Amino acid sequence: MSGYRQGDSGLILNEPLLWEKGKKGRCGFSLPECDVDEVAFDAEFAGDGPNFPDLSEVEVVRHYTRLSTWNFGVDTGMYPLGSCTMKYNPKVNERQASLPGFSDVHPLLPEVRNQGALKLMFDLEHFLKELTGMDAVTLQPAAGAHGELAGILMINAYHKKRGEIRTKILVPDTAHGTNPASGALCGYMPVAVPVNEDGIMRVEDVRALMDEETAGIMVTNPNTLGLFEKNIREICEVVHGKGGLVYGDGANLNAIMGYVKMADIGVDVMHFNLHKTFATPHGGGGPGSGPVAVTRTLTPFLPVPRVEKLKDHYHLVTDYPDSIGRMMTFYGHFGIMVRAYSYILSMGGEGLKEASAHAVLNANYIKERLKETFHLAYDHTCMHECVFSDAKQEPYGVSTLDMAKRLIDYGFHPPTIYFPLVVPGALMIEPTETETKEDIDNFIDTLKAIAVEAKESPELLKNAPTRSKVRRLDETSAARKPCLSG
Amino acid sequence: MKEISQLVLPEDVKYATDHEWARLDGEEVVIGLADYAQDQLGDIVFVELPAIGDHFDKGDEFGTVESVKAVSELYLPMGGEVVAVNDALEEAPDLVNTDPYDKGWLIRIKPTDLSELGEMLDKSSYLESLDG
Amino acid sequence: MRYLPHTPEDIKEMLEVIGVKTVDALFEAIPESCRSKEPLNLPRAMSEWDLNAHMDALAATMAPSSEYRVFIGAGSYNHYIPSSVPYLLSRSEFSTAYTPYQPEISQGTLQGIYEFQTMVTRLLGMDVATASHYDGATALSEALLMAVRKTKKKRVAVSSLCHPFHREVIRTYLGPAGIEVVEVPYGEDGRTDLAAVGAMDDVAAVAVQSPNFFGVVEDLASFAQVIHAKKGLMIASFTESIAWGLVKNPGSQGVDIVAGDGQSLGIPKAFGGPGLGLLASSKALMRQLPGRLVGTTTDLDGKRGFVLTLAAREQHIRREKATSNICSNNGLCALNAAMYMASLGGTGFKRLAQINHNKAEYLKRKLMDAGVKITFASATFNEFVVKFPEGFEKTYDRLLSRMIVAGLPLGRFYPELAGHYLLCVTETLSKIDMDQLVKEVTA
């Protein structure tokens with residue numbers, strides 16, 4: 001099996017845009033008969049209706065079926081996109097989410113008719129608490145960045161409640177762009193914390209930057225270099241010592257389930273990405289789900305409504321005067337919560353720990369086997385991902401982008417590239433726990449073969465990909481003369 | 001990307017360490033982006049400029065330039081009131097890449113204090129700052 | 001565990017390559033003081049079959065619209081969804097992909113979103129639409145933040161007939177940034193008070209929902225005129241997308257930004273989420289838009305293709321200066337909506353809106369005939385407010401036990417409307433259902 005090329009050129013079907021097909025008068029929808037009288041709409045406000053193409057059902061079905069074949073998903077093949085945790089999305093979770101009792105229910109029915117959904121939410125909150133040692137959880141945020149916003153809003157409300165005005169927030173060099181952007185929504189100026197020669201933060205640097213005008217620090221641990229922030233406890237003490245709070249970005253939680261509890265290391269508030277760690281499908285750009293867990297200090301500030309249990313009944317409670325308020329219209333991405341809940345029950349506590357163990361094993365295996373071929377930014381035992389760069393290939397005029405595009409021809413989704421920013425030309429590989437050893441070996445052998453090509457025939461990389469629906473696209477002209485609708 | 005020796009650096013403009021240039025034209029000053037900066041940014045896709053009549057102090061941010069993968073703030077090397085902006089950049093932002101000192105100019109200002117122009121770098125000091 | 005493929009031999013071979021004895025040894029990279037001592041206190045793994053039974057039991061306690069007659073909308077609407085839509089949406093090439101960072105192998109998602117953006121601009125009469133937001137409330141909050149950035153004014157006006165939960169989310173988003181939110185009262189016609197907006201100074205924007213929370217269609221053009229004279233932006237919001245099949249679109253009424261819920265476009269109610277936030281604007285505001293945008297371009301061979309574009313607005317490039325912190329949005333829900341809109345077509349969309357209107361008007365008339373007071377006389381779409389007789393709570397509970405949910409009590413949101421209910425009718429309710437409601441209510 002090893003070294004075989006998964007990518008090949010087959011029959012790629014063309015498909016026009018929706019409005020380049022169809023014919024007026026067709027309909028792909030079974031319009032119900034109208035059993036009451038026609039009533040004209042008030043002429044003052046009546047419009048013409050949208051100018052959509054009219055298509056038959058089969059035209060719609062072929063259209064989207066063909067489009068789908070131009071896409072690459074986890075079900076297509078290995079998707080080692082660093083910091084995105086593209087693990088297998090179990091199908092049984094889709095079954096649960098599509099049960100009419102979950103998918104076909106209105107959010108505003110009387111509570112007595114919602115007990116199953118509320119119990120599920122209550123129990124999922126409990127599972128997330130147990131995984132992290134935190135005291136309370138809100139499931140409301142719609143995605144990781146939305147969870148960050150909720151967390152920062154709570155930190156802001158906490159300081160305000162104590163009569164303090166803080167204007168800055170510490171964000172390490174390695175952070176996701178969402179961290180400074182979330183801070184900015186509360187008016188916090190991000191202050192960069194550098195990483196040391198080992199790729200992690202130093203306590204002294206944090207001590208030098210942390211003051212009483214700083215609201216706290218946003219830490220991703222393990223960080224985006226795949227390294228555990230070993231000084232985290234001391235860093236948290238320094239931040240707490242100045243009255244600040246510690247935000248934990250849970251994007252990389254898949255590395256440490258069952259091994260580390262965030263509350264134990266000093267984190268006050270953190271978010272989860274259910275679409276990463278808990279195997280819900282990412283949908284080509286969401287919907288995600290970004291629950292937030294807090295310690296007792298921040299519990300009063302959690303968004304409302306909160307799910308509570310009184311005797312045997314579950315309730316949605318809004319009566320929290322210090323709450324930051326509502327983050328979404330309703331209760332969050334319930335459909336995603338159902339999948340994550342189902343995943344956790346499929347895995348059990350031991351299974352989750354084993355998932356983290358295998359995720360870390362796979363990343364270290366890749367790191368060891370590729371570190372002679374590619375420049376390894378920081379050579380330490382990594383957690384769930386490892387970061388290489390194109391330093392060894394640069395002399396041949398080959399960049400990270402070229403290698404990533406060549407991987408496509410071989411049938412792999414490329415890793416995350418050019419992130420984290422602290423590693424120029426970064427290639428960030430996160431295999432996850434669900435890949436077989438054969439696929440991982442094939443991936444490694446492919447990357448080695450690409451490194452040979454880089455040296456011997458770099459034009460193969462420069463021209464890649466050639467086996468996809470389209471070749472490299474002109475992003476410059478797309479941005480210069482934006483055409484965003486047809 | 002260009003080597004420093006390949007950079008085009010006219011003698012008739014003054015430079016800022018943030019890589020803007022300024023050229024005296026009568027009583028007004030024309031401001032643009034130096035070759036080094038356009039080269040570092042790569043293909044420029046959008047330039048955001050202020051409105052005519054806006055007033056800025058020396059060092060104020062007066063706009064941004066965007067390439068596909070980066071965005072950079074523009075800082076005014078000397079204070080003044082905006083009297084003209086280069087409208088051609090709306091349709092053709094690439095002029096900043098292809099002709100940074102002429103057709104790719106950014107704004108024209110009526111300076112508050114012309115002596116601030118004298119404080120800017122000449123070609124040789126600017127080159128030194130690039131080497132450093 | 002069926003999702004973890006390693007055999008003991010696999011693990012042994014891999015550990016040998018790494019040069020450690022056990023997997024746990026890899027976790028020695030974590031300081032001892034940070035590691036958990038206790039095993040996780042979580043349930044044991046369930047078999048697929050036990051899990052299914054457990055989930056079935058939870059779901060069975062709920063009140064799905066397939067079994068209940070639910071006369072509630074208020075931001076979540078029950079519409080028929082063609083079988084072809086969830087079927088197509090479950091193609092895992094769509095559902096198991098990440099954000100389309102590698103456009104060469106994401107053309108399915110990218111073309112699908114481009115088509116979605118196009119249909120949204122056509123639905124709303126706007127120039128540009130984003131690739132999606134979380135829901136109507138967050139899209140509306142972002143729209144207000146756009147207006148604040150654009151006008152550099154720190155006050156916004158929001159109609160008191162915007163969805164109450166939308167207004168709560170707006171306060172969460174805007175309050176900490178020091179932006180003042182002023183609520184615009186409503187009049188006896190169930191419409192936002194135009195004169196009140198006329199009397200406001202120094203506002204970045206006014207947000208008016210239409211059809212509003214009471215189902216009443218607002219005169220957006222008049223609001224646009226008033227706010228533009230004050231150099232502010234006109235924002236329209238909505239929760240029921242189907243309305244645009246009959247009601248004249250916001251773009252034709254001088255609106256600058258439109259934010260709304262797209263859940264009606266074939267997305268299951270799912271106890272409130274995931275839904276879909278729609279955000280569209282005029283071309284002048286394109287670069288202020290938060291969130292992803294897909295545009296056309298060509299590949300090396302000159303072939304048409306699609307890419308994420310104008311990324312310099314976004315957090316991964318502009319970080320703290322980005323137009324928003326949004327990253328993952330609701331892409332699959334956008335695709336879901338596109339499939340639904342394509343299935344209906346322009347002709348079908350209009351007809352469906354008309355059927356919805358016919359039914360809502362039927363119930364309105366029947367209730368009036370039976371002596372129930374319709375609170376506002378203005379034109380409505382799908383939803384309207386009624387005043388039920390004193391002591392209706394008991395009837396409400398009796399109906400609930402007969403699997404009929406007789407509207408949403410409004411007292412909680414508008415104390416002056418205690419005893420009033422917001423009713424909603426869509427194509428999914430039949431004449432028989434409505435006749436039964438009228439009979440029970442007036443019994």
# chains A, B, ... in the order shown; residues from 1 in each chain; ligands from 1
$ residues_around --residues "Ile235 of chain A" --least-positions-apart "6" --cutoff "12 Å" --atoms "only C-alpha atoms" --output "ChimeraX atom specification"
/A:170,172,193,200-210,216-219,229,241-242,244-247,265-267
$ select_by_dssp --residues "segment 42-279 of chain A" --states "alpha helix (DSSP H)" --output "number ranges by chain"
A: 57-68, 91-97, 100-103, 115-132, 144-161, 178-185, 203-209, 232-241, 274-277
$ select_by_dssp --residues "segment 104-141 of chain C" --states "strand (DSSP E or B)" --output "ChimeraX atom specification"
/C:106,128-129,133
$ interface_residues --of "chain B" --to "chain A" --cutoff "7 Å" --atoms "only C-alpha atoms" --output "ChimeraX atom specification"
/B:43,45-46,68
$ interface_residues --of "chain C" --to "chain B" --cutoff "7 Å" --atoms "only C-alpha atoms" --output "list in words"
Ala312, Ile317 and Arg318 of chain C
$ atom_distance --atom1 "atom CA of Pro321 of chain A" --atom2 "atom CA of Arg306 of chain A"
12.6 Å
$ residues_around --residues "Val83 of chain B" --least-positions-apart "6" --cutoff "10 Å" --atoms "only C-alpha atoms" --output "VMD selection string"
chain B and resid 28 to 30 51 to 55 107 to 111
$ residues_around --residues "segment 138-153 of chain C" --least-positions-apart "2" --cutoff "9 Å" --atoms "only C-alpha atoms" --output "ChimeraX atom specification"
/A:327-329 /C:132-136,155-156,166-167,169-174,179,202-207,231-237,257-261,277-281,285,288-290,323-324
$ write_last_selection --atoms "N, CA and C atoms" --output "CSV table (one decimal), in the first residue's frame"
chain,number,residue,atom,x,y,z
A,327,MET,N,-26.4,35.7,23.5
A,327,MET,CA,-25.4,35.6,22.4
A,327,MET,C,-26.0,35.3,21.0
A,328,MET,N,-27.2,34.7,21.0
A,328,MET,CA,-27.8,34.3,19.8
A,328,MET,C,-29.4,34.4,20.0
A,329,THR,N,-30.1,34.3,19.0
A,329,THR,CA,-31.6,34.4,19.1
A,329,THR,C,-32.1,33.3,20.1
C,132,SER,N,-22.6,33.9,4.8
C,132,SER,CA,-23.5,33.5,5.9
C,132,SER,C,-23.0,34.0,7.3
C,133,HIS,N,-23.9,34.2,8.2
C,133,HIS,CA,-23.6,34.4,9.6
C,133,HIS,C,-24.3,33.4,10.4
C,134,TYR,N,-24.2,33.5,11.8
C,134,TYR,CA,-24.7,32.5,12.6
C,134,TYR,C,-26.3,32.5,12.6
C,135,ASP,N,-26.9,33.7,12.8
C,135,ASP,CA,-28.3,33.8,12.7
C,135,ASP,C,-28.7,35.2,12.5
C,136,GLY,N,-30.0,35.5,12.5
C,136,GLY,CA,-30.4,36.9,12.3
C,136,GLY,C,-30.0,37.9,13.3
C,155,ARG,N,-24.0,55.9,18.3
C,155,ARG,CA,-25.3,55.7,18.8
C,155,ARG,C,-26.1,55.0,17.6
C,156,VAL,N,-26.9,54.1,18.0
C,156,VAL,CA,-27.8,53.4,17.0
C,156,VAL,C,-29.2,53.4,17.5
C,166,HIS,N,-33.4,39.4,19.3
C,166,HIS,CA,-32.4,40.1,18.5
C,166,HIS,C,-31.9,41.4,19.2
C,167,ARG,N,-32.9,42.1,19.9
C,167,ARG,CA,-32.5,43.3,20.6
C,167,ARG,C,-31.6,43.0,21.8
C,169,VAL,N,-29.5,40.5,21.9
C,169,VAL,CA,-28.2,40.1,21.3
C,169,VAL,C,-27.4,41.4,20.9
C,170,ILE,N,-28.2,42.4,20.4
C,170,ILE,CA,-27.6,43.7,20.0
C,170,ILE,C,-26.9,44.3,21.3
C,171,ARG,N,-27.7,44.3,22.4
C,171,ARG,CA,-27.1,44.9,23.6
C,171,ARG,C,-25.8,44.2,24.1
C,172,THR,N,-25.8,42.8,23.9
C,172,THR,CA,-24.6,42.1,24.3
C,172,THR,C,-23.4,42.5,23.4
C,173,TYR,N,-23.7,42.6,22.1
C,173,TYR,CA,-22.6,42.9,21.2
C,173,TYR,C,-22.1,44.4,21.3
C,174,LEU,N,-23.1,45.3,21.5
C,174,LEU,CA,-22.7,46.7,21.3
C,174,LEU,C,-22.4,47.4,22.6
C,179,ILE,N,-21.3,51.6,22.7
C,179,ILE,CA,-22.2,52.1,21.7
C,179,ILE,C,-23.6,52.2,22.3
C,202,ASP,N,-27.8,62.4,15.6
C,202,ASP,CA,-26.5,61.8,15.7
C,202,ASP,C,-26.5,60.2,15.8
C,203,VAL,N,-27.4,59.6,15.0
C,203,VAL,CA,-27.4,58.2,15.0
C,203,VAL,C,-26.7,57.6,13.8
C,204,ALA,N,-26.0,56.5,14.0
C,204,ALA,CA,-25.2,55.8,12.9
C,204,ALA,C,-26.2,55.1,12.0
C,205,ALA,N,-27.3,54.6,12.6
C,205,ALA,CA,-28.2,53.8,11.7
C,205,ALA,C,-29.5,53.6,12.5
C,206,VAL,N,-30.6,53.3,11.7
C,206,VAL,CA,-31.8,52.8,12.4
C,206,VAL,C,-32.0,51.4,11.8
C,207,ALA,N,-32.4,50.5,12.7
C,207,ALA,CA,-32.7,49.1,12.3
C,207,ALA,C,-34.2,48.9,12.5
C,231,LYS,N,-27.8,61.6,7.7
C,231,LYS,CA,-26.5,61.0,7.4
C,231,LYS,C,-26.2,59.7,8.2
C,232,GLY,N,-27.3,59.0,8.4
C,232,GLY,CA,-27.2,57.6,9.0
C,232,GLY,C,-27.5,56.6,8.0
C,233,LEU,N,-27.3,55.3,8.3
C,233,LEU,CA,-27.6,54.2,7.4
C,233,LEU,C,-28.9,53.5,7.7
C,234,MET,N,-29.6,53.1,6.7
C,234,MET,CA,-30.8,52.3,6.9
C,234,MET,C,-30.6,50.8,6.9
C,235,ILE,N,-31.0,50.2,8.0
C,235,ILE,CA,-30.8,48.8,8.1
C,235,ILE,C,-32.2,48.1,8.2
C,236,ALA,N,-32.4,47.1,7.4
C,236,ALA,CA,-33.6,46.4,7.5
C,236,ALA,C,-33.3,45.0,8.0
C,237,SER,N,-34.2,44.5,8.9
C,237,SER,CA,-34.0,43.1,9.3
C,237,SER,C,-35.3,42.3,9.1
C,257,ILE,N,-28.2,48.3,4.4
C,257,ILE,CA,-27.8,46.9,4.9
C,257,ILE,C,-29.0,46.1,5.3
C,258,VAL,N,-29.0,44.9,4.9
C,258,VAL,CA,-30.1,44.0,5.3
C,258,VAL,C,-29.5,42.8,6.1
C,259,ALA,N,-30.2,42.5,7.2
C,259,ALA,CA,-29.7,41.4,8.1
C,259,ALA,C,-30.9,40.6,8.4
C,260,GLY,N,-30.9,39.3,8.3
C,260,GLY,CA,-32.1,38.5,8.7
C,260,GLY,C,-31.8,37.1,8.9
C,261,ASP,N,-32.9,36.3,9.2
C,261,ASP,CA,-32.8,34.9,9.4
C,261,ASP,C,-33.1,34.2,8.2
C,277,GLY,N,-27.8,33.2,9.3
C,277,GLY,CA,-27.8,34.6,9.3
C,277,GLY,C,-27.5,35.1,7.9
C,278,LEU,N,-28.4,36.0,7.4
C,278,LEU,CA,-28.2,36.6,6.1
C,278,LEU,C,-27.7,38.0,6.3
C,279,LEU,N,-26.7,38.4,5.5
C,279,LEU,CA,-26.2,39.8,5.6
C,279,LEU,C,-25.9,40.3,4.2
C,280,ALA,N,-26.5,41.4,3.8
C,280,ALA,CA,-26.3,41.9,2.5
C,280,ALA,C,-26.2,43.4,2.5
C,281,SER,N,-25.5,44.0,1.6
C,281,SER,CA,-25.4,45.5,1.6
C,281,SER,C,-25.3,46.0,0.2
C,285,LEU,N,-20.7,49.6,0.7
C,285,LEU,CA,-20.4,49.1,2.0
C,285,LEU,C,-19.7,47.7,1.9
C,288,GLN,N,-16.8,46.9,4.2
C,288,GLN,CA,-17.1,46.9,5.6
C,288,GLN,C,-17.8,45.6,6.1
C,289,LEU,N,-18.2,44.8,5.1
C,289,LEU,CA,-18.9,43.6,5.5
C,289,LEU,C,-18.0,42.6,6.3
C,290,PRO,N,-18.6,42.1,7.3
C,290,PRO,CA,-17.8,41.1,8.1
C,290,PRO,C,-18.1,39.7,7.5
C,323,THR,N,-12.9,43.3,10.4
C,323,THR,CA,-14.3,43.8,10.5
C,323,THR,C,-15.2,43.0,11.4
C,324,SER,N,-14.7,41.8,11.9
C,324,SER,CA,-15.4,41.0,12.8
C,324,SER,C,-14.4,39.9,13.2
$ residues_around --residues "Asp104 of chain A" --least-positions-apart "6" --cutoff "10 Å" --atoms "only C-alpha atoms" --output "PyMOL selection string"
(chain A and resi 97-98) or (chain C and resi 62-67+78+267-272)
$ write_last_selection --atoms "C-alpha atoms" --output "PDB file, in the first residue's frame"
ATOM      1  CA  ALA A  97     -29.595  14.867  14.849  1.00  0.00           C
ATOM      2  CA  SER A  98     -32.202  14.049  12.232  1.00  0.00           C
TER       3      SER A  98
ATOM      4  CA  MET C  62     -40.389  16.403  22.430  1.00  0.00           C
ATOM      5  CA  ALA C  63     -43.223  17.938  20.417  1.00  0.00           C
ATOM      6  CA  PRO C  64     -42.238  17.771  16.752  1.00  0.00           C
ATOM      7  CA  SER C  65     -44.252  19.773  14.227  1.00  0.00           C
ATOM      8  CA  SER C  66     -45.088  16.550  12.427  1.00  0.00           C
ATOM      9  CA  GLU C  67     -47.283  15.594  15.403  1.00  0.00           C
ATOM     10  CA  ASN C  78     -42.303  25.508  10.062  1.00  0.00           C
ATOM     11  CA  ILE C 267     -33.512  24.612   7.273  1.00  0.00           C
ATOM     12  CA  PRO C 268     -34.980  22.446  10.051  1.00  0.00           C
ATOM     13  CA  LYS C 269     -36.051  24.351  13.165  1.00  0.00           C
ATOM     14  CA  ALA C 270     -33.825  22.120  15.314  1.00  0.00           C
ATOM     15  CA  PHE C 271     -34.867  23.723  18.607  1.00  0.00           C
ATOM     16  CA  GLY C 272     -33.513  27.039  17.405  1.00  0.00           C
TER      17      GLY C 272
END
$ atom_distance --atom1 "atom CA of Phe278 of chain A" --atom2 "atom CA of Ala251 of chain A"
11.1 Å
$ closest_atom_pairs --of "segment 328-420 of chain C" --to "segment 50-64 of chain A" --cutoff "7 Å" --atoms "only C-alpha atoms" --output "CSV"
residue,atom,partner,partner_atom,distance
C:Ala342,CA,A:Leu55,CA,6.7
C:Ser343,CA,A:Glu57,CA,6.4
C:Gly345,CA,A:Asp54,CA,4.2
C:Gly346,CA,A:Phe52,CA,4.2
C:Thr347,CA,A:Asp54,CA,6.8
$ residues_around --residues "Pro100 of chain B" --least-positions-apart "2" --cutoff "12 Å" --atoms "only C-alpha atoms" --output "ChimeraX atom specification"
/B:7-10,13,19-22,30-39,44,86,89,93-98,102-106
$ write_last_selection --atoms "C-alpha atoms" --output "mmCIF file, in the first residue's frame"
data_model
loop_
_atom_site.group_PDB
_atom_site.id
_atom_site.type_symbol
_atom_site.label_atom_id
_atom_site.label_comp_id
_atom_site.auth_asym_id
_atom_site.auth_seq_id
_atom_site.Cartn_x
_atom_site.Cartn_y
_atom_site.Cartn_z
ATOM 1 C CA LEU B 7 14.876 49.268 -5.946
ATOM 2 C CA VAL B 8 13.828 52.365 -7.830
ATOM 3 C CA LEU B 9 14.473 55.376 -5.570
ATOM 4 C CA PRO B 10 14.125 58.747 -7.293
ATOM 5 C CA VAL B 13 11.318 62.800 -3.341
ATOM 6 C CA HIS B 19 8.122 53.675 3.261
ATOM 7 C CA GLU B 20 5.922 56.551 2.160
ATOM 8 C CA TRP B 21 7.432 59.175 -0.118
ATOM 9 C CA ALA B 22 6.672 62.923 -0.384
ATOM 10 C CA VAL B 30 2.225 64.692 -3.143
ATOM 11 C CA ILE B 31 2.383 61.498 -1.071
ATOM 12 C CA GLY B 32 2.917 57.964 -2.348
ATOM 13 C CA LEU B 33 4.231 54.536 -1.446
ATOM 14 C CA ALA B 34 7.899 53.745 -2.082
ATOM 15 C CA ASP B 35 9.042 50.924 -4.348
ATOM 16 C CA TYR B 36 10.247 48.855 -1.410
ATOM 17 C CA ALA B 37 6.798 48.778 0.217
ATOM 18 C CA GLN B 38 4.858 47.963 -2.948
ATOM 19 C CA ASP B 39 7.329 45.172 -3.666
ATOM 20 C CA ILE B 44 -2.018 45.417 -4.547
ATOM 21 C CA ASN B 86 -5.794 59.580 -6.699
ATOM 22 C CA LEU B 89 -6.542 53.757 -7.922
ATOM 23 C CA PRO B 93 -4.892 49.764 -7.678
ATOM 24 C CA ASP B 94 -2.031 48.032 -9.506
ATOM 25 C CA LEU B 95 -0.714 51.482 -10.497
ATOM 26 C CA VAL B 96 0.899 51.523 -7.043
ATOM 27 C CA ASN B 97 2.846 48.435 -8.140
ATOM 28 C CA THR B 98 3.674 49.446 -11.665
ATOM 29 C CA ASP B 102 4.009 58.843 -10.809
ATOM 30 C CA LYS B 103 0.610 57.418 -11.784
ATOM 31 C CA GLY B 104 0.454 55.451 -8.546
ATOM 32 C CA TRP B 105 0.551 58.491 -6.233
ATOM 33 C CA LEU B 106 -1.855 58.373 -3.275
#
$ closest_residue --among "C:Ala97, C:Ala360, C:Ala25, C:Ala229" --to "chain A" --atoms "only C-alpha atoms"
C:Ala97
$ residues_around --residues "Pro86 of chain C" --least-positions-apart "4" --cutoff "8 Å" --atoms "only C-alpha atoms" --output "ChimeraX atom specification"
/C:82,90,336
$ closest_residue --among "C:Glu104, C:Glu28, C:Asp435, C:Asp397" --to "chain A" --atoms "only C-alpha atoms"
C:Glu104
$ closest_residue --among "C:Ser378, C:Asn329, C:Ser264, C:Ser241" --to "Val217 of chain C" --atoms "only C-alpha atoms"
C:Ser378
